[in-house]
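**Student:** Contents of run-v5.txt (compact mmCIF, C-alpha atoms):
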# COMPACT_ATOMS: atom_id res chain seq x y z
CA MET A 1 17.04 -3.15 7.43
CA SER A 2 13.75 -4.79 6.59
CA PRO A 3 10.72 -4.27 8.92
CA ARG A 4 10.02 -6.47 11.91
CA PHE A 5 6.70 -8.07 12.73
CA HIS A 6 6.61 -8.42 16.53
CA MET A 7 3.40 -10.21 17.58
CA ILE A 8 2.19 -9.85 21.14
CA VAL A 9 -0.76 -12.21 21.06
CA ASP A 10 -0.67 -15.54 22.84
CA VAL A 11 -0.87 -17.84 19.84
CA SER A 12 1.40 -20.79 20.45
CA ARG A 13 1.89 -21.82 16.82
CA TRP A 14 2.78 -18.31 15.84
CA LEU A 15 5.20 -17.95 18.67
CA ALA A 16 6.97 -21.12 17.56
CA ILE A 17 7.30 -19.76 14.04
CA ALA A 18 8.29 -16.33 15.27
CA SER A 19 11.17 -17.72 17.26
CA LEU A 20 12.60 -19.46 14.23
CA ILE A 21 12.11 -17.12 11.29
CA THR A 22 15.23 -15.02 10.70
CA ALA A 23 15.64 -11.37 11.63
CA VAL A 24 13.30 -10.02 9.06
CA SER A 25 9.83 -9.55 10.32
CA LEU A 26 9.20 -11.21 13.64
CA SER A 27 12.20 -10.40 15.87
CA PRO A 28 11.62 -7.87 18.64
CA ILE A 29 14.29 -5.30 17.83
CA PRO A 30 13.69 -1.57 17.40
CA SER A 31 12.28 -0.77 14.01
CA ALA A 32 10.77 2.40 12.62
CA ARG A 33 8.26 0.28 10.76
CA ALA A 34 7.26 -1.78 13.80
CA GLN A 35 6.77 1.40 15.82
CA PHE A 36 5.46 3.76 13.17
CA VAL A 37 2.98 6.47 14.11
CA ASP A 38 -0.34 6.48 12.27
CA PRO A 39 0.33 9.00 9.48
CA GLN A 40 -3.36 10.03 9.24
CA PRO A 41 -3.03 10.47 5.47
CA SER A 42 -5.36 12.52 3.36
CA ARG A 43 -6.36 12.19 -0.27
CA PRO A 44 -6.96 14.63 -3.09
CA ASP A 45 -10.59 15.65 -3.35
CA SER A 46 -12.47 13.59 -5.90
CA ASP A 47 -13.79 15.13 -9.09
CA SER A 48 -15.44 13.93 -12.25
CA THR A 49 -12.23 13.82 -14.27
CA VAL A 50 -11.23 10.28 -15.22
CA PRO A 51 -7.46 9.85 -15.70
CA THR A 52 -6.48 8.61 -19.16
CA THR A 53 -3.66 6.59 -17.63
CA ALA A 54 -3.06 5.18 -14.16
CA ARG A 55 -0.88 7.47 -12.10
CA TYR A 56 -0.59 6.60 -8.45
CA VAL A 57 -0.64 9.60 -6.13
CA PRO A 58 0.74 8.71 -2.69
CA PRO A 59 -1.19 10.02 0.31
CA ASP A 60 -0.17 13.25 1.96
CA ARG A 61 2.47 13.00 4.70
CA SER A 62 3.90 9.89 3.06
CA ALA A 63 7.56 10.79 3.55
CA PRO A 64 9.89 7.75 3.68
CA ARG A 65 10.42 6.29 7.13
CA PRO A 66 13.97 5.11 7.93
CA GLY A 67 14.21 1.34 7.83
CA SER A 68 10.91 0.87 6.00
CA THR A 69 12.03 0.91 2.40
CA ALA A 70 12.61 -2.83 1.99
CA PRO A 71 9.91 -5.49 2.28
CA GLY A 72 10.01 -8.22 4.88
CA THR A 73 11.81 -11.20 3.45
CA SER A 74 13.86 -13.86 5.14
CA ARG A 75 16.50 -13.95 2.43
CA GLY A 76 17.12 -12.49 -0.98
CA ASN A 77 16.83 -15.61 -3.07
CA GLY A 78 14.17 -18.28 -2.74
CA CYS A 79 13.39 -21.94 -2.22
CA SER A 80 14.92 -22.90 -5.57
CA SER A 81 18.29 -21.86 -6.91
CA ALA A 82 16.56 -20.18 -9.87
CA SER A 83 14.77 -17.69 -7.64
CA THR A 84 16.41 -14.31 -7.15
CA THR A 85 13.74 -11.94 -5.87
CA GLY A 86 12.14 -13.82 -2.97
CA LEU A 87 8.53 -12.90 -2.25
CA VAL A 88 7.83 -9.33 -3.35
CA PRO A 89 4.80 -7.51 -1.91
CA LEU A 90 2.92 -5.56 -4.58
CA ALA A 91 2.22 -2.76 -2.15
CA PRO A 92 3.95 0.35 -0.79
CA GLN A 93 6.79 -0.09 1.66
CA ALA A 94 7.91 3.51 2.22
CA HIS A 95 4.41 4.60 3.22
CA VAL A 96 1.18 2.97 4.33
CA GLY A 97 -1.08 1.90 1.46
CA LEU A 98 -4.71 2.97 1.69
CA THR A 99 -8.03 1.28 0.96
CA GLN A 100 -11.62 2.32 1.47
CA THR A 101 -12.97 -1.22 1.28
CA VAL A 102 -13.25 -3.36 4.40
CA GLN A 103 -12.48 -6.51 2.37
CA PRO A 104 -9.49 -5.50 0.25
CA THR A 105 -7.49 -7.53 -2.23
CA ILE A 106 -3.83 -8.17 -1.37
CA ALA A 107 -1.11 -9.44 -3.70
CA TRP A 108 2.56 -10.35 -3.89
CA PHE A 109 4.89 -11.89 -6.44
CA ASN A 110 5.91 -15.51 -5.91
CA PRO A 111 8.93 -16.59 -7.99
CA GLU A 112 8.53 -20.29 -7.16
CA THR A 113 6.99 -22.60 -9.77
CA GLU A 114 6.65 -25.55 -7.38
CA ASN A 115 3.71 -25.85 -5.02
CA TYR A 116 4.50 -24.74 -1.45
CA THR A 117 2.41 -24.00 1.61
CA ILE A 118 1.75 -20.31 2.20
CA GLU A 119 0.74 -19.00 5.62
CA PHE A 120 -1.17 -15.76 5.34
CA ARG A 121 -2.22 -13.52 8.20
CA ILE A 122 -3.48 -10.01 8.94
CA ALA A 123 -2.92 -8.27 12.26
CA GLU A 124 -4.37 -5.05 13.63
CA GLN A 125 -1.90 -2.52 14.95
CA LEU A 126 -2.68 -1.78 18.60
CA PRO A 127 -2.24 1.60 20.35
CA ASP A 128 0.76 0.27 22.30
CA GLY A 129 2.56 -0.65 19.08
CA GLY A 130 1.84 -4.38 19.25
CA PHE A 131 -0.36 -6.42 16.95
CA LYS A 132 -3.46 -8.60 17.26
CA ILE A 133 -4.17 -11.25 14.64
CA VAL A 134 -7.57 -10.78 13.03
CA TYR A 135 -7.28 -13.29 10.18
CA GLU A 136 -5.05 -16.22 9.29
CA THR A 137 -5.15 -19.09 6.84
CA ASP A 138 -2.90 -21.61 5.10
CA PHE A 139 -3.14 -22.61 1.45
CA ALA A 140 -1.15 -24.27 -1.31
CA SER A 141 0.57 -21.63 -3.42
CA ALA A 142 -0.83 -23.14 -6.64
CA GLU A 143 -4.37 -22.39 -5.45
CA LYS A 144 -4.01 -18.62 -5.58
CA THR A 145 -0.96 -17.92 -7.77
CA LEU A 146 -1.66 -16.72 -11.31
CA PRO A 147 0.43 -17.84 -14.31
CA SER A 148 2.22 -14.48 -14.06
CA GLY A 149 3.53 -15.47 -10.62
CA ILE A 150 1.28 -13.03 -8.76
CA THR A 151 -0.49 -14.49 -5.72
CA VAL A 152 -3.82 -12.86 -4.95
CA VAL A 153 -5.81 -13.04 -1.70
CA SER A 154 -9.18 -11.29 -1.47
CA LEU A 155 -10.98 -10.88 1.82
CA ASP A 156 -14.18 -10.86 -0.25
CA ASP A 157 -13.82 -14.64 -0.12
CA THR A 158 -13.89 -14.64 3.69
CA ASP A 159 -16.09 -13.42 6.54
CA THR A 160 -13.37 -11.06 7.74
CA GLU A 161 -13.84 -7.31 7.51
CA LEU A 162 -11.26 -4.68 8.42
CA ALA A 163 -12.34 -1.63 10.39
CA PRO A 164 -12.18 1.93 8.98
CA GLY A 165 -9.73 4.14 10.81
CA LYS A 166 -7.41 1.28 11.71
CA THR A 167 -4.04 0.20 10.36
CA TYR A 168 -3.16 -3.44 9.75
CA ARG A 169 -0.14 -5.43 8.71
CA TRP A 170 -0.49 -8.35 6.36
CA GLN A 171 2.14 -11.05 6.07
CA ALA A 172 2.67 -13.98 3.70
CA VAL A 173 5.11 -16.75 4.63
CA LEU A 174 6.10 -19.26 1.97
CA VAL A 175 7.30 -22.43 3.71
CA CYS A 176 10.20 -23.81 1.68
CA ASP A 177 10.92 -26.62 4.16
CA PRO A 178 8.60 -27.31 7.14
CA ASN A 179 11.59 -28.73 9.02
CA ARG A 180 13.65 -25.57 8.52
CA PRO A 181 11.43 -22.58 9.33
CA SER A 182 14.37 -20.19 9.13
CA GLU A 183 14.43 -20.74 5.36
CA SER A 184 10.85 -19.55 4.89
CA LEU A 185 10.31 -16.54 2.63
CA VAL A 186 8.33 -13.64 4.05
CA ALA A 187 6.55 -10.68 2.44
CA GLU A 188 4.63 -8.08 4.38
CA SER A 189 3.21 -4.58 4.15
CA ASP A 190 0.90 -2.21 6.02
CA ILE A 191 -2.63 -1.28 4.99
CA GLN A 192 -4.86 1.44 6.41
CA VAL A 193 -8.63 1.44 5.99
CA ILE A 194 -10.16 4.88 5.57
CA SER A 195 -13.83 5.81 5.57
CA ALA A 196 -15.46 5.51 2.17
CA SER A 197 -15.88 8.84 0.40
CA ASP A 198 -19.28 9.53 -1.14
CA GLY A 199 -17.59 11.49 -3.92
CA VAL A 200 -15.24 8.64 -4.78
CA GLU A 201 -18.00 6.05 -4.73
CA ALA A 202 -20.28 8.19 -6.89
CA THR A 203 -17.55 8.67 -9.49
CA VAL A 204 -16.61 4.98 -9.52
CA LEU A 205 -20.22 4.07 -10.32
CA THR A 206 -19.94 6.05 -13.56
CA LEU A 207 -16.85 4.19 -14.77
CA ALA A 208 -17.45 1.26 -17.09
CA THR A 209 -14.13 -0.59 -17.05
CA ALA A 210 -11.74 -1.95 -14.46
CA SER A 211 -8.96 0.13 -16.01
CA GLN A 212 -10.91 3.35 -15.59
CA ARG A 213 -11.77 2.52 -12.01
CA ALA A 214 -8.17 1.61 -11.24
CA GLY A 215 -6.92 4.87 -12.71
CA PHE A 216 -9.38 6.87 -10.65
CA TYR A 217 -8.61 5.02 -7.42
CA ALA A 218 -4.90 5.60 -8.04
CA SER A 219 -5.50 9.33 -8.42
CA GLN A 220 -7.25 9.25 -5.03
CA SER A 221 -4.27 7.55 -3.30
CA LEU A 222 -6.19 4.27 -2.87
CA TRP A 223 -3.42 1.83 -3.79
CA TYR A 224 -5.11 -1.41 -2.78
CA ASP A 225 -8.38 -0.49 -4.50
CA ALA A 226 -6.59 0.46 -7.70
CA MET A 227 -4.56 -2.75 -7.84
CA GLY A 228 -7.57 -4.82 -6.86
CA GLU A 229 -9.37 -3.71 -10.02
CA VAL A 230 -6.68 -4.94 -12.42
CA LEU A 231 -4.94 -7.84 -10.67
CA MET A 232 -7.25 -10.50 -12.11
CA ALA A 233 -8.20 -8.78 -15.36
CA ASP A 234 -6.62 -10.33 -18.44
CA ASP A 235 -7.33 -7.70 -21.12
CA ASP A 236 -4.47 -5.67 -22.56
CA GLU A 237 -5.71 -2.37 -21.15
CA ALA A 238 -5.94 -3.69 -17.60
CA GLN A 239 -2.50 -5.26 -17.85
CA ALA A 240 -1.08 -1.94 -19.05
CA VAL A 241 -2.68 -0.13 -16.11
CA ARG A 242 -1.28 -2.71 -13.69
CA LEU A 243 2.22 -2.10 -15.07
CA ASP A 244 1.68 1.68 -14.86
CA LEU A 245 0.84 1.36 -11.18
CA LEU A 246 3.82 -0.86 -10.40
CA ASN A 247 6.17 1.44 -12.30
CA ASP A 248 4.84 4.43 -10.37
CA LEU A 249 5.39 2.54 -7.12
CA ALA A 250 8.93 1.58 -8.14
CA LEU A 251 9.76 5.26 -8.76
CA LEU A 252 8.39 6.28 -5.37
CA GLU A 253 10.26 3.49 -3.60
CA ALA A 254 13.50 4.32 -5.43
CA ALA A 255 13.23 7.89 -4.15
CA ALA A 256 12.71 6.58 -0.63
CA THR A 257 15.65 4.22 -1.01
CA SER A 258 17.98 7.03 -2.03
CA ALA A 259 16.94 8.96 1.07
CA GLY A 260 17.76 6.17 3.52
CA GLU A 261 20.42 3.63 4.37
CA GLN A 262 20.17 0.26 2.65
CA ASN A 263 21.42 -2.95 4.25
CA THR A 264 20.32 -5.41 1.59
CA ASN A 265 21.91 -6.44 -1.69
CA LEU A 266 18.74 -5.62 -3.62
CA SER A 267 16.46 -2.79 -2.56
CA TYR A 268 12.70 -3.15 -2.80
CA ASP A 269 12.42 -0.97 -5.90
CA GLU A 270 15.10 -3.06 -7.65
CA ARG A 271 13.26 -6.29 -6.89
CA LEU A 272 9.99 -4.69 -7.92
CA ARG A 273 11.49 -3.77 -11.29
CA MET A 274 12.63 -7.36 -11.71
CA VAL A 275 9.03 -8.43 -11.14
CA ILE A 276 7.76 -5.87 -13.66
CA ALA A 277 10.18 -7.23 -16.27
CA GLN A 278 8.85 -10.77 -15.69
CA ILE A 279 5.13 -10.03 -15.80
CA GLN A 280 4.92 -7.53 -18.65
I'd like the structure from this file rewritten - as structure tokens, please.

**Tutor:**
Amino acid sequence: MSPRFHMIVDVSRWLAIASLITAVSLSPIPSARAQFVDPQPSRPDSDSTVPTTARYVPPDRSAPRPGSTAPGTSRGNGCSSASTTGLVPLAPQAHVGLTQTVQPTIAWFNPETENYTIEFRIAEQLPDGGFKIVYETDFASAEKTLPSGITVVSLDDTDTELAPGKTYRWQAVLVCDPNRPSESLVAESDIQVISASDGVEATVLTLATASQRAGFYASQSLWYDAMGEVLMADDDEAQAVRLDLLNDLALLEAAATSAGEQNTNLSYDERLRMVIAQIQ
């Protein structure tokens, strides 16, 4: 079952949407993802070795959580009959992705070629298991979707900063039909901000290319930082690193899928591989 996004804040517009979107991300039913315990992950110690290829190392204690291996999506297809994947978050689902930047870059795959409204929001996970919205915006999908179909949102373009030591959930809602909210497509994932490591920062300063920095971040379990380096780069090396990272993630998610029960026609790793085939 895909994760639920149960908001507890008193935001009337959100509550209206939440009551209409299908049982994917906003319905208040028990969910391991909605009630997960902060995993307090750790990273490998940094060193001066620069990986020759990008190999994503998941954080320690990142065992799959039941019910968290498929991304939030309202249905498997899309707004158009040609769409088969729905929105696909380019971020871990079986464990919490890490970043050491307070203004990370977030991305998902959008299969739609037409221009639709996207509602994007980030919410802080509260100690009682609820969520508090810390950032939200609407935009036309064409504004932030690359020719590859990847939509990129960077908090560098905003005044919002996430706090180290806290876990957040981001959510993107593609509104197929404003009059039929239940048909909206939803992608979501969790992100945890950890304190910046002096060793990691010192090493990154010595690396000349985005590909090198991405490879090093990946080796330090910093998924969002690694992807952020190569999402917008258009050189062949950066594109190869981006595919390396996504392939590594697909392997990890496939292992998590095999360890848990699946209630969807396409698992997250299967949809992720469909995305990889389209963007390579």

**Student:** Nearest residue to Ser148 (chain A) out of A:Gln239, A:Ser189, A:Ser267, A:Thr85, using all atoms listed in the file?

**Tutor:**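 Of A:Gln239, A:Ser189, A:Ser267, A:Thr85, the one nearest Ser148 (chain A) is A:Gln239, counting all atoms listed in the file.
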
**Student:** Take the point (-3.2, -21.5, 2.7) as written in the file and pick out every residue within 12 Å of it, counting all atoms listed in the file; give the list as a PyMOL selection string.

**Tutor:** chain A and resi 115-121+135-145+151-153+172-175

**Student:** Between A:Thr206, A:Thr160, A:Gln93, A:Gln220, which one has atoms that come closest to Tyr268 (chain A), using all atoms listed in the file?

**Tutor:** A:Gln93

**Student:** Between A:Tyr217, A:Phe131, A:Tyr224, A:Tyr56, which has the minimum distance to Gln103 (chain A) (counting all atoms listed in the file)?

**Tutor:**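 Closest to Gln103 (chain A), using all atoms listed in the file: A:Tyr224.
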
**Student:** Of the candidates A:Ser154, A:Tyr168, A:Ser184, A:Gln100, which one gets nearest to Val200 (chain A) if we count all atoms listed in the file?

**Tutor:** A:Gln100

**Student:** For a test of reading the model, state the distance in Å between CA of Leu126 (chain A) and CA of Val96 (chain A), rounded to one decimal.

**Tutor:**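 These atoms are spaced 15.5 Å apart.
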
**Student:** Neighbourhood query: residues within 10 Å of (9.0, -11.7, -12.9), file coordinates, counting all atoms listed in the file; return as a list in words.

**Tutor:**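 Returned residue set, sorted by chain then number, is Ser83, Thr84, Thr85, Val88, Phe109, Asn110, Pro111, Ser148, Gly149, Ile150, Arg271, Leu272, Arg273, Met274, Val275, Ile276, Ala277, Gln278, Ile279 and Gln280 of chain A.
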
**Student:** Given all atoms listed in the file as the basis, pick out the residue of A:Val186, A:Leu205, A:Leu162, A:Val102 nearest to Gly78 (chain A).

**Tutor:**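 Smallest distance to Gly78 (chain A) is found for A:Val186.
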
**Student:** Ranking A:Gly199, A:Asp157, A:Asp177, A:Met232 by minimum distance to Ala107 (chain A) and counting all atoms listed in the file, which one comes first?

**Tutor:**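 Ranking A:Gly199, A:Asp157, A:Asp177, A:Met232 by distance to Ala107 (chain A), first place goes to A:Met232.
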
**Student:** Name all residues at most 10 Å from Glu161 (chain A) (count only C-alpha atoms; drop same-chain ones fewer than 3 positions away) and give them as a list in words.

**Tutor:**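 The residues that qualify are Thr101, Val102, Gln103, Pro104, Val134, Tyr135, Leu155, Asp156, Thr158 and Pro164 of chain A.
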
**Student:** Work out how far CA of Asp236 (chain A) is from CA of Pro58 (chain A), in Å to one decimal.

**Tutor:** 25.1 Å

**Student:** Extending 3 Å beyond the listed atoms of region 207-210 of chain A on each side, what axis-aligned box results? I want centre and edge lengths in Å to one decimal, as AutoDock Vina command-line options.

**Tutor:**
--center_x -14.6 --center_y 1.1 --center_z -15.8 --size_x 11.7 --size_y 12.1 --size_z 8.6

**Student:** Limit the output to C-alpha atoms and give region 96-212 of chain A as a PDB file, in the first residue's frame.

**Tutor:**
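Okay, this is what ended up in result-v9.pdb:
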ATOM      1  CA  VAL A  96      14.569   8.234   4.319  1.00  0.00           C
ATOM      2  CA  GLY A  97      16.810  10.158   1.924  1.00  0.00           C
ATOM      3  CA  LEU A  98      19.434  12.402   3.503  1.00  0.00           C
ATOM      4  CA  THR A  99      20.741  15.895   2.766  1.00  0.00           C
ATOM      5  CA  GLN A 100      23.164  18.170   4.552  1.00  0.00           C
ATOM      6  CA  THR A 101      21.917  21.307   2.828  1.00  0.00           C
ATOM      7  CA  VAL A 102      19.075  23.343   4.306  1.00  0.00           C
ATOM      8  CA  GLN A 103      17.854  24.273   0.810  1.00  0.00           C
ATOM      9  CA  PRO A 104      17.895  20.968  -1.068  1.00  0.00           C
ATOM     10  CA  THR A 105      16.884  20.197  -4.629  1.00  0.00           C
ATOM     11  CA  ILE A 106      13.911  17.855  -5.099  1.00  0.00           C
ATOM     12  CA  ALA A 107      12.857  16.095  -8.295  1.00  0.00           C
ATOM     13  CA  TRP A 108      10.293  13.727  -9.763  1.00  0.00           C
ATOM     14  CA  PHE A 109       9.423  12.387 -13.198  1.00  0.00           C
ATOM     15  CA  ASN A 110       6.360  13.848 -14.912  1.00  0.00           C
ATOM     16  CA  PRO A 111       5.116  11.772 -17.873  1.00  0.00           C
ATOM     17  CA  GLU A 112       2.666  14.436 -19.065  1.00  0.00           C
ATOM     18  CA  THR A 113       3.609  16.586 -22.071  1.00  0.00           C
ATOM     19  CA  GLU A 114       0.717  19.022 -21.604  1.00  0.00           C
ATOM     20  CA  ASN A 115       0.931  21.910 -19.162  1.00  0.00           C
ATOM     21  CA  TYR A 116      -0.824  21.230 -15.842  1.00  0.00           C
ATOM     22  CA  THR A 117      -0.858  22.941 -12.471  1.00  0.00           C
ATOM     23  CA  ILE A 118       1.419  21.352  -9.882  1.00  0.00           C
ATOM     24  CA  GLU A 119       0.902  21.945  -6.163  1.00  0.00           C
ATOM     25  CA  PHE A 120       4.117  21.453  -4.245  1.00  0.00           C
ATOM     26  CA  ARG A 121       4.488  21.415  -0.477  1.00  0.00           C
ATOM     27  CA  ILE A 122       6.917  20.434   2.265  1.00  0.00           C
ATOM     28  CA  ALA A 123       5.813  19.521   5.780  1.00  0.00           C
ATOM     29  CA  GLU A 124       7.835  18.961   8.933  1.00  0.00           C
ATOM     30  CA  GLN A 125       7.199  15.736  10.785  1.00  0.00           C
ATOM     31  CA  LEU A 126       6.082  16.527  14.346  1.00  0.00           C
ATOM     32  CA  PRO A 127       6.897  14.457  17.457  1.00  0.00           C
ATOM     33  CA  ASP A 128       3.282  13.237  17.669  1.00  0.00           C
ATOM     34  CA  GLY A 129       3.462  11.828  14.134  1.00  0.00           C
ATOM     35  CA  GLY A 130       1.543  14.648  12.464  1.00  0.00           C
ATOM     36  CA  PHE A 131       2.857  17.206  10.008  1.00  0.00           C
ATOM     37  CA  LYS A 132       3.169  20.985   9.809  1.00  0.00           C
ATOM     38  CA  ILE A 133       3.432  22.683   6.430  1.00  0.00           C
ATOM     39  CA  VAL A 134       6.574  24.796   6.131  1.00  0.00           C
ATOM     40  CA  TYR A 135       6.460  25.583   2.408  1.00  0.00           C
ATOM     41  CA  GLU A 136       3.902  25.438  -0.384  1.00  0.00           C
ATOM     42  CA  THR A 137       3.593  26.815  -3.878  1.00  0.00           C
ATOM     43  CA  ASP A 138       1.725  26.270  -7.143  1.00  0.00           C
ATOM     44  CA  PHE A 139       3.275  26.437 -10.603  1.00  0.00           C
ATOM     45  CA  ALA A 140       2.653  25.401 -14.193  1.00  0.00           C
ATOM     46  CA  SER A 141       4.407  22.116 -14.906  1.00  0.00           C
ATOM     47  CA  ALA A 142       6.078  23.563 -18.018  1.00  0.00           C
ATOM     48  CA  GLU A 143       7.923  26.091 -15.846  1.00  0.00           C
ATOM     49  CA  LYS A 144      10.056  23.527 -14.035  1.00  0.00           C
ATOM     50  CA  THR A 145       9.914  20.361 -16.144  1.00  0.00           C
ATOM     51  CA  LEU A 146      12.993  19.583 -18.242  1.00  0.00           C
ATOM     52  CA  PRO A 147      12.767  18.106 -21.762  1.00  0.00           C
ATOM     53  CA  SER A 148      13.615  14.740 -20.181  1.00  0.00           C
ATOM     54  CA  GLY A 149      10.363  14.883 -18.197  1.00  0.00           C
ATOM     55  CA  ILE A 150      12.101  15.510 -14.874  1.00  0.00           C
ATOM     56  CA  THR A 151      10.576  18.282 -12.762  1.00  0.00           C
ATOM     57  CA  VAL A 152      13.062  20.049 -10.506  1.00  0.00           C
ATOM     58  CA  VAL A 153      12.308  22.265  -7.499  1.00  0.00           C
ATOM     59  CA  SER A 154      15.185  23.895  -5.617  1.00  0.00           C
ATOM     60  CA  LEU A 155      14.663  25.618  -2.297  1.00  0.00           C
ATOM     61  CA  ASP A 156      17.664  27.762  -3.256  1.00  0.00           C
ATOM     62  CA  ASP A 157      15.119  29.765  -5.234  1.00  0.00           C
ATOM     63  CA  THR A 158      13.058  30.463  -2.105  1.00  0.00           C
ATOM     64  CA  ASP A 159      13.490  31.946   1.373  1.00  0.00           C
ATOM     65  CA  THR A 160      12.676  28.599   2.982  1.00  0.00           C
ATOM     66  CA  GLU A 161      15.330  26.686   4.889  1.00  0.00           C
ATOM     67  CA  LEU A 162      14.912  23.246   6.439  1.00  0.00           C
ATOM     68  CA  ALA A 163      16.292  22.606   9.913  1.00  0.00           C
ATOM     69  CA  PRO A 164      19.110  20.114  10.610  1.00  0.00           C
ATOM     70  CA  GLY A 165      18.014  17.181  12.715  1.00  0.00           C
ATOM     71  CA  LYS A 166      14.456  17.223  11.409  1.00  0.00           C
ATOM     72  CA  THR A 167      12.595  15.007   8.969  1.00  0.00           C
ATOM     73  CA  TYR A 168      10.240  16.395   6.345  1.00  0.00           C
ATOM     74  CA  ARG A 169       7.867  15.042   3.752  1.00  0.00           C
ATOM     75  CA  TRP A 170       7.612  16.662   0.359  1.00  0.00           C
ATOM     76  CA  GLN A 171       4.623  16.170  -1.905  1.00  0.00           C
ATOM     77  CA  ALA A 172       3.865  17.096  -5.515  1.00  0.00           C
ATOM     78  CA  VAL A 173       0.274  17.011  -6.780  1.00  0.00           C
ATOM     79  CA  LEU A 174      -0.339  17.278 -10.507  1.00  0.00           C
ATOM     80  CA  VAL A 175      -3.902  18.527 -11.033  1.00  0.00           C
ATOM     81  CA  CYS A 176      -5.295  16.740 -14.086  1.00  0.00           C
ATOM     82  CA  ASP A 177      -8.758  18.279 -13.711  1.00  0.00           C
ATOM     83  CA  PRO A 178      -9.476  21.011 -11.118  1.00  0.00           C
ATOM     84  CA  ASN A 179     -13.100  19.845 -11.016  1.00  0.00           C
ATOM     85  CA  ARG A 180     -12.115  16.259 -10.219  1.00  0.00           C
ATOM     86  CA  PRO A 181      -9.485  16.341  -7.465  1.00  0.00           C
ATOM     87  CA  SER A 182      -9.633  12.573  -7.035  1.00  0.00           C
ATOM     88  CA  GLU A 183      -7.918  12.213 -10.418  1.00  0.00           C
ATOM     89  CA  SER A 184      -4.870  14.227  -9.354  1.00  0.00           C
ATOM     90  CA  LEU A 185      -1.509  12.472  -9.482  1.00  0.00           C
ATOM     91  CA  VAL A 186       0.598  12.526  -6.338  1.00  0.00           C
ATOM     92  CA  ALA A 187       4.292  11.876  -5.680  1.00  0.00           C
ATOM     93  CA  GLU A 188       5.903  12.152  -2.275  1.00  0.00           C
ATOM     94  CA  SER A 189       8.952  11.137  -0.286  1.00  0.00           C
ATOM     95  CA  ASP A 190      10.686  11.848   3.018  1.00  0.00           C
ATOM     96  CA  ILE A 191      13.853  13.873   3.481  1.00  0.00           C
ATOM     97  CA  GLN A 192      15.997  14.235   6.586  1.00  0.00           C
ATOM     98  CA  VAL A 193      18.411  17.119   7.097  1.00  0.00           C
ATOM     99  CA  ILE A 194      21.598  16.186   8.931  1.00  0.00           C
ATOM    100  CA  SER A 195      24.280  18.507  10.252  1.00  0.00           C
ATOM    101  CA  ALA A 196      26.918  19.379   7.689  1.00  0.00           C
ATOM    102  CA  SER A 197      30.135  17.420   8.107  1.00  0.00           C
ATOM    103  CA  ASP A 198      33.369  19.413   7.981  1.00  0.00           C
ATOM    104  CA  GLY A 199      35.098  16.440   6.370  1.00  0.00           C
ATOM    105  CA  VAL A 200      32.502  16.156   3.618  1.00  0.00           C
ATOM    106  CA  GLU A 201      32.512  19.879   2.914  1.00  0.00           C
ATOM    107  CA  ALA A 202      36.308  20.015   2.804  1.00  0.00           C
ATOM    108  CA  THR A 203      36.450  17.155   0.314  1.00  0.00           C
ATOM    109  CA  VAL A 204      33.704  18.621  -1.882  1.00  0.00           C
ATOM    110  CA  LEU A 205      35.687  21.855  -2.197  1.00  0.00           C
ATOM    111  CA  THR A 206      38.501  19.903  -3.853  1.00  0.00           C
ATOM    112  CA  LEU A 207      36.267  18.387  -6.531  1.00  0.00           C
ATOM    113  CA  ALA A 208      36.124  20.214  -9.839  1.00  0.00           C
ATOM    114  CA  THR A 209      33.069  18.729 -11.552  1.00  0.00           C
ATOM    115  CA  ALA A 210      29.441  18.106 -10.695  1.00  0.00           C
ATOM    116  CA  SER A 211      29.936  14.428 -11.493  1.00  0.00           C
ATOM    117  CA  GLN A 212      32.772  14.097  -8.998  1.00  0.00           C
TER     118      GLN A 212
END
